[in-house]
>>> print(open('protein-v2.json').read())   # JSON, C-alpha atoms
[["chain", "number", "residue", "atom", "x", "y", "z"],
["A", 1, "MET", "CA", -16.76, -4.84, -2.89],
["A", 2, "SER", "CA", -13.32, -5.55, -4.30],
["A", 3, "ASP", "CA", -12.11, -4.38, -7.71],
["A", 4, "TRP", "CA", -10.66, -7.84, -8.22],
["A", 5, "PRO", "CA", -12.84, -10.67, -9.53],
["A", 6, "SER", "CA", -12.01, -14.30, -8.75],
["A", 7, "THR", "CA", -10.08, -15.54, -11.76],
["A", 8, "ARG", "CA", -8.33, -18.68, -12.96],
["A", 9, "ALA", "CA", -4.54, -18.69, -12.69],
["A", 10, "ARG", "CA", -4.21, -19.30, -16.45],
["A", 11, "ARG", "CA", -5.91, -15.96, -17.13],
["A", 12, "VAL", "CA", -3.78, -14.11, -14.56],
["A", 13, "LEU", "CA", -0.58, -15.52, -16.07],
["A", 14, "ALA", "CA", -1.72, -14.49, -19.57],
["A", 15, "ALA", "CA", -2.36, -10.95, -18.31],
["A", 16, "LEU", "CA", 1.09, -10.80, -16.69],
["A", 17, "LEU", "CA", 2.71, -11.91, -19.94],
["A", 18, "ARG", "CA", 0.74, -9.23, -21.85],
["A", 19, "ILE", "CA", 2.01, -6.45, -19.56],
["A", 20, "GLY", "CA", 5.64, -7.40, -20.08],
["A", 21, "TRP", "CA", 6.49, -10.26, -17.72],
["A", 22, "THR", "CA", 8.34, -13.25, -19.18],
["A", 23, "ILE", "CA", 8.85, -16.74, -17.84],
["A", 24, "LYS", "CA", 12.46, -16.88, -16.71],
["A", 25, "ARG", "CA", 12.33, -20.51, -15.61],
["A", 26, "GLN", "CA", 9.82, -23.14, -14.58],
["A", 27, "ALA", "CA", 9.92, -26.00, -12.08],
["A", 28, "GLY", "CA", 7.21, -28.60, -12.61],
["A", 29, "THR", "CA", 3.77, -27.51, -13.74],
["A", 30, "SER", "CA", 3.03, -24.76, -11.26],
["A", 31, "HIS", "CA", 6.12, -22.86, -10.11],
["A", 32, "LYS", "CA", 7.18, -20.25, -12.65],
["A", 33, "VAL", "CA", 9.72, -17.51, -12.01],
["A", 34, "LEU", "CA", 8.67, -14.40, -13.90],
["A", 35, "ALA", "CA", 10.98, -11.54, -14.83],
["A", 36, "ARG", "CA", 10.34, -7.97, -15.97],
["A", 37, "ARG", "CA", 12.82, -5.17, -16.42],
["A", 38, "GLY", "CA", 12.73, -2.78, -13.46],
["A", 39, "TRP", "CA", 10.92, -5.24, -11.17],
["A", 40, "PRO", "CA", 12.25, -7.98, -8.87],
["A", 41, "ASP", "CA", 11.58, -11.53, -10.06],
["A", 42, "TYR", "CA", 8.20, -12.92, -9.02],
["A", 43, "VAL", "CA", 7.40, -16.58, -8.32],
["A", 44, "PHE", "CA", 3.98, -17.47, -9.74],
["A", 45, "ALA", "CA", 3.09, -20.73, -7.99],
["A", 46, "PHE", "CA", -0.37, -21.72, -9.22],
["A", 47, "HIS", "CA", -1.70, -24.51, -11.40],
["A", 48, "ASP", "CA", -3.56, -23.28, -14.50],
["A", 49, "ARG", "CA", -7.03, -24.22, -13.28],
["A", 50, "THR", "CA", -6.61, -22.87, -9.75],
["A", 51, "GLU", "CA", -9.13, -20.17, -8.87],
["A", 52, "ILE", "CA", -7.38, -17.10, -7.45],
["A", 53, "GLY", "CA", -9.51, -14.94, -5.17],
["A", 54, "PRO", "CA", -9.60, -11.15, -4.79],
["A", 55, "ASN", "CA", -7.21, -10.98, -1.82],
["A", 56, "MET", "CA", -4.51, -13.02, -3.54],
["A", 57, "LEU", "CA", -4.97, -11.04, -6.77],
["A", 58, "ALA", "CA", -4.38, -7.83, -4.80],
["A", 59, "ARG", "CA", -1.14, -9.31, -3.42],
["A", 60, "ILE", "CA", -0.02, -10.37, -6.89],
["A", 61, "ALA", "CA", -0.80, -6.87, -8.18],
["A", 62, "LYS", "CA", 1.30, -5.27, -5.46],
["A", 63, "HIS", "CA", 4.35, -7.23, -6.61],
["A", 64, "THR", "CA", 3.76, -7.16, -10.38],
["A", 65, "GLY", "CA", 1.93, -3.96, -11.30],
["A", 66, "LEU", "CA", -1.15, -5.90, -12.50],
["A", 67, "THR", "CA", -4.41, -3.93, -12.58],
["A", 68, "PRO", "CA", -8.02, -5.17, -12.71],
["A", 69, "ASP", "CA", -8.25, -3.80, -16.27],
["A", 70, "ASP", "CA", -5.38, -6.09, -17.35],
["A", 71, "LEU", "CA", -7.61, -9.11, -16.70],
["A", 72, "ARG", "CA", -10.27, -7.98, -19.19]]
>>> encode(input="protein-v2.json", output="structure tokens")
Amino acid sequence: MSDWPSTRARRVLAALLRIGWTIKRQAGTSHKVLARRGWPDYVFAFHDRTEIGPNMLARIAKHTGLTPDDLR
């Protein structure tokens, strides 16, 4: 079983903002470019109500430093 629960994109974005990411710019309602010192920019391309599964959460974590505990 995966450490990652399926989670709404709104909750993932809130967790990223809590761990130090900021929204650098936004195009439309879904594409946000996030920035954090010491990390390359990350494009977060999900609508707020989109359900993000465990595999995609693991990919996001690899690029952002997100952990399962950050979603709690």
>>> residues_around(input="protein-v2.json", residues="Phe44 (chain A)", least_positions_apart="3", cutoff="9 Å", atoms="all atoms listed in the file", output="PyMOL selection string")
chain A and resi 13+30-34+60
>>> residues_around(input="protein-v2.json", residues="region 16-28 of chain A", least_positions_apart="5", cutoff="12 Å", atoms="only C-alpha atoms", output="number ranges by chain")
A: 9-11, 33-47, 57, 60-61, 63-72
>>> atom_distance(input="protein-v2.json", atom1="CA of Thr29 (chain A)", atom2="CA of Ala58 (chain A)")
23.1 Å
>>> atom_distance(input="protein-v2.json", atom1="CA of Asn55 (chain A)", atom2="CA of Ser6 (chain A)")
9.1 Å
>>> decode(input="protein-v2.json", residues="region 34-70 of chain A", atoms="N, CA and C atoms", output="PDB file, in the first residue's frame")
ATOM      1  N   LEU A  34       5.040  27.515  -9.409  1.00  0.00           N
ATOM      2  CA  LEU A  34       5.421  27.672  -8.014  1.00  0.00           C
ATOM      3  C   LEU A  34       6.930  27.851  -7.909  1.00  0.00           C
ATOM      4  N   ALA A  35       7.354  28.627  -6.938  1.00  0.00           N
ATOM      5  CA  ALA A  35       8.778  28.883  -6.736  1.00  0.00           C
ATOM      6  C   ALA A  35       9.121  28.679  -5.266  1.00  0.00           C
ATOM      7  N   ARG A  36      10.330  28.164  -5.045  1.00  0.00           N
ATOM      8  CA  ARG A  36      10.851  27.999  -3.683  1.00  0.00           C
ATOM      9  C   ARG A  36      12.366  28.106  -3.764  1.00  0.00           C
ATOM     10  N   ARG A  37      12.934  28.836  -2.864  1.00  0.00           N
ATOM     11  CA  ARG A  37      14.385  29.029  -2.859  1.00  0.00           C
ATOM     12  C   ARG A  37      15.098  27.678  -2.762  1.00  0.00           C
ATOM     13  N   GLY A  38      16.081  27.477  -3.642  1.00  0.00           N
ATOM     14  CA  GLY A  38      16.849  26.243  -3.642  1.00  0.00           C
ATOM     15  C   GLY A  38      16.244  25.120  -4.471  1.00  0.00           C
ATOM     16  N   TRP A  39      15.094  25.345  -5.068  1.00  0.00           N
ATOM     17  CA  TRP A  39      14.412  24.345  -5.889  1.00  0.00           C
ATOM     18  C   TRP A  39      14.106  24.952  -7.250  1.00  0.00           C
ATOM     19  N   PRO A  40      14.093  24.130  -8.316  1.00  0.00           N
ATOM     20  CA  PRO A  40      13.651  24.662  -9.611  1.00  0.00           C
ATOM     21  C   PRO A  40      12.148  24.936  -9.562  1.00  0.00           C
ATOM     22  N   ASP A  41      11.689  25.884 -10.371  1.00  0.00           N
ATOM     23  CA  ASP A  41      10.255  26.182 -10.426  1.00  0.00           C
ATOM     24  C   ASP A  41       9.479  24.915 -10.776  1.00  0.00           C
ATOM     25  N   TYR A  42       8.246  24.841 -10.279  1.00  0.00           N
ATOM     26  CA  TYR A  42       7.404  23.673 -10.523  1.00  0.00           C
ATOM     27  C   TYR A  42       6.059  24.151 -11.054  1.00  0.00           C
ATOM     28  N   VAL A  43       5.591  23.556 -12.146  1.00  0.00           N
ATOM     29  CA  VAL A  43       4.286  23.897 -12.709  1.00  0.00           C
ATOM     30  C   VAL A  43       3.253  22.967 -12.092  1.00  0.00           C
ATOM     31  N   PHE A  44       2.326  23.543 -11.354  1.00  0.00           N
ATOM     32  CA  PHE A  44       1.226  22.802 -10.733  1.00  0.00           C
ATOM     33  C   PHE A  44       0.012  23.019 -11.616  1.00  0.00           C
ATOM     34  N   ALA A  45      -0.375  21.990 -12.374  1.00  0.00           N
ATOM     35  CA  ALA A  45      -1.400  22.153 -13.419  1.00  0.00           C
ATOM     36  C   ALA A  45      -2.659  21.352 -13.120  1.00  0.00           C
ATOM     37  N   PHE A  46      -3.305  21.641 -11.995  1.00  0.00           N
ATOM     38  CA  PHE A  46      -4.523  20.934 -11.612  1.00  0.00           C
ATOM     39  C   PHE A  46      -5.597  21.927 -11.201  1.00  0.00           C
ATOM     40  N   HIS A  47      -6.839  21.621 -11.538  1.00  0.00           N
ATOM     41  CA  HIS A  47      -7.963  22.393 -11.026  1.00  0.00           C
ATOM     42  C   HIS A  47      -8.167  22.022  -9.560  1.00  0.00           C
ATOM     43  N   ASP A  48      -8.716  22.937  -8.765  1.00  0.00           N
ATOM     44  CA  ASP A  48      -8.857  22.737  -7.325  1.00  0.00           C
ATOM     45  C   ASP A  48      -9.555  21.440  -6.935  1.00  0.00           C
ATOM     46  N   ARG A  49     -10.592  21.068  -7.648  1.00  0.00           N
ATOM     47  CA  ARG A  49     -11.381  19.892  -7.264  1.00  0.00           C
ATOM     48  C   ARG A  49     -10.886  18.583  -7.873  1.00  0.00           C
ATOM     49  N   THR A  50      -9.821  18.635  -8.634  1.00  0.00           N
ATOM     50  CA  THR A  50      -9.274  17.426  -9.239  1.00  0.00           C
ATOM     51  C   THR A  50      -8.714  16.506  -8.164  1.00  0.00           C
ATOM     52  N   GLU A  51      -9.049  15.235  -8.253  1.00  0.00           N
ATOM     53  CA  GLU A  51      -8.522  14.233  -7.328  1.00  0.00           C
ATOM     54  C   GLU A  51      -7.164  13.777  -7.851  1.00  0.00           C
ATOM     55  N   ILE A  52      -6.134  13.880  -7.019  1.00  0.00           N
ATOM     56  CA  ILE A  52      -4.789  13.467  -7.405  1.00  0.00           C
ATOM     57  C   ILE A  52      -4.487  12.145  -6.706  1.00  0.00           C
ATOM     58  N   GLY A  53      -4.139  11.142  -7.495  1.00  0.00           N
ATOM     59  CA  GLY A  53      -3.889   9.808  -6.960  1.00  0.00           C
ATOM     60  C   GLY A  53      -2.492   9.644  -6.388  1.00  0.00           C
ATOM     61  N   PRO A  54      -2.247   8.486  -5.782  1.00  0.00           N
ATOM     62  CA  PRO A  54      -0.962   8.223  -5.119  1.00  0.00           C
ATOM     63  C   PRO A  54       0.251   8.313  -6.038  1.00  0.00           C
ATOM     64  N   ASN A  55       0.143   7.814  -7.263  1.00  0.00           N
ATOM     65  CA  ASN A  55       1.298   7.852  -8.165  1.00  0.00           C
ATOM     66  C   ASN A  55       1.675   9.285  -8.531  1.00  0.00           C
ATOM     67  N   MET A  56       0.686  10.100  -8.830  1.00  0.00           N
ATOM     68  CA  MET A  56       0.962  11.493  -9.185  1.00  0.00           C
ATOM     69  C   MET A  56       1.476  12.257  -7.966  1.00  0.00           C
ATOM     70  N   LEU A  57       0.953  11.967  -6.790  1.00  0.00           N
ATOM     71  CA  LEU A  57       1.448  12.623  -5.574  1.00  0.00           C
ATOM     72  C   LEU A  57       2.920  12.283  -5.345  1.00  0.00           C
ATOM     73  N   ALA A  58       3.311  11.046  -5.620  1.00  0.00           N
ATOM     74  CA  ALA A  58       4.712  10.661  -5.472  1.00  0.00           C
ATOM     75  C   ALA A  58       5.591  11.439  -6.447  1.00  0.00           C
ATOM     76  N   ARG A  59       5.101  11.657  -7.665  1.00  0.00           N
ATOM     77  CA  ARG A  59       5.852  12.457  -8.648  1.00  0.00           C
ATOM     78  C   ARG A  59       5.984  13.904  -8.193  1.00  0.00           C
ATOM     79  N   ILE A  60       4.879  14.462  -7.697  1.00  0.00           N
ATOM     80  CA  ILE A  60       4.904  15.843  -7.201  1.00  0.00           C
ATOM     81  C   ILE A  60       5.918  15.945  -6.056  1.00  0.00           C
ATOM     82  N   ALA A  61       5.905  14.968  -5.166  1.00  0.00           N
ATOM     83  CA  ALA A  61       6.812  14.971  -4.015  1.00  0.00           C
ATOM     84  C   ALA A  61       8.270  14.950  -4.452  1.00  0.00           C
ATOM     85  N   LYS A  62       8.566  14.188  -5.485  1.00  0.00           N
ATOM     86  CA  LYS A  62       9.934  14.088  -5.978  1.00  0.00           C
ATOM     87  C   LYS A  62      10.463  15.451  -6.428  1.00  0.00           C
ATOM     88  N   HIS A  63       9.591  16.276  -6.985  1.00  0.00           N
ATOM     89  CA  HIS A  63       9.998  17.580  -7.512  1.00  0.00           C
ATOM     90  C   HIS A  63       9.858  18.723  -6.515  1.00  0.00           C
ATOM     91  N   THR A  64       9.115  18.503  -5.427  1.00  0.00           N
ATOM     92  CA  THR A  64       8.819  19.603  -4.507  1.00  0.00           C
ATOM     93  C   THR A  64       9.251  19.389  -3.066  1.00  0.00           C
ATOM     94  N   GLY A  65       9.587  18.159  -2.703  1.00  0.00           N
ATOM     95  CA  GLY A  65       9.946  17.891  -1.308  1.00  0.00           C
ATOM     96  C   GLY A  65       8.750  17.642  -0.416  1.00  0.00           C
ATOM     97  N   LEU A  66       7.571  17.502  -0.986  1.00  0.00           N
ATOM     98  CA  LEU A  66       6.341  17.234  -0.216  1.00  0.00           C
ATOM     99  C   LEU A  66       6.432  15.851   0.418  1.00  0.00           C
ATOM    100  N   THR A  67       5.905  15.707   1.630  1.00  0.00           N
ATOM    101  CA  THR A  67       5.864  14.402   2.296  1.00  0.00           C
ATOM    102  C   THR A  67       4.410  14.078   2.630  1.00  0.00           C
ATOM    103  N   PRO A  68       4.093  12.801   2.847  1.00  0.00           N
ATOM    104  CA  PRO A  68       2.717  12.459   3.221  1.00  0.00           C
ATOM    105  C   PRO A  68       2.257  13.197   4.488  1.00  0.00           C
ATOM    106  N   ASP A  69       3.166  13.441   5.412  1.00  0.00           N
ATOM    107  CA  ASP A  69       2.799  14.156   6.645  1.00  0.00           C
ATOM    108  C   ASP A  69       2.386  15.601   6.376  1.00  0.00           C
ATOM    109  N   ASP A  70       2.887  16.192   5.291  1.00  0.00           N
ATOM    110  CA  ASP A  70       2.520  17.583   4.961  1.00  0.00           C
ATOM    111  C   ASP A  70       1.051  17.712   4.576  1.00  0.00           C
TER     112      ASP A  70
END
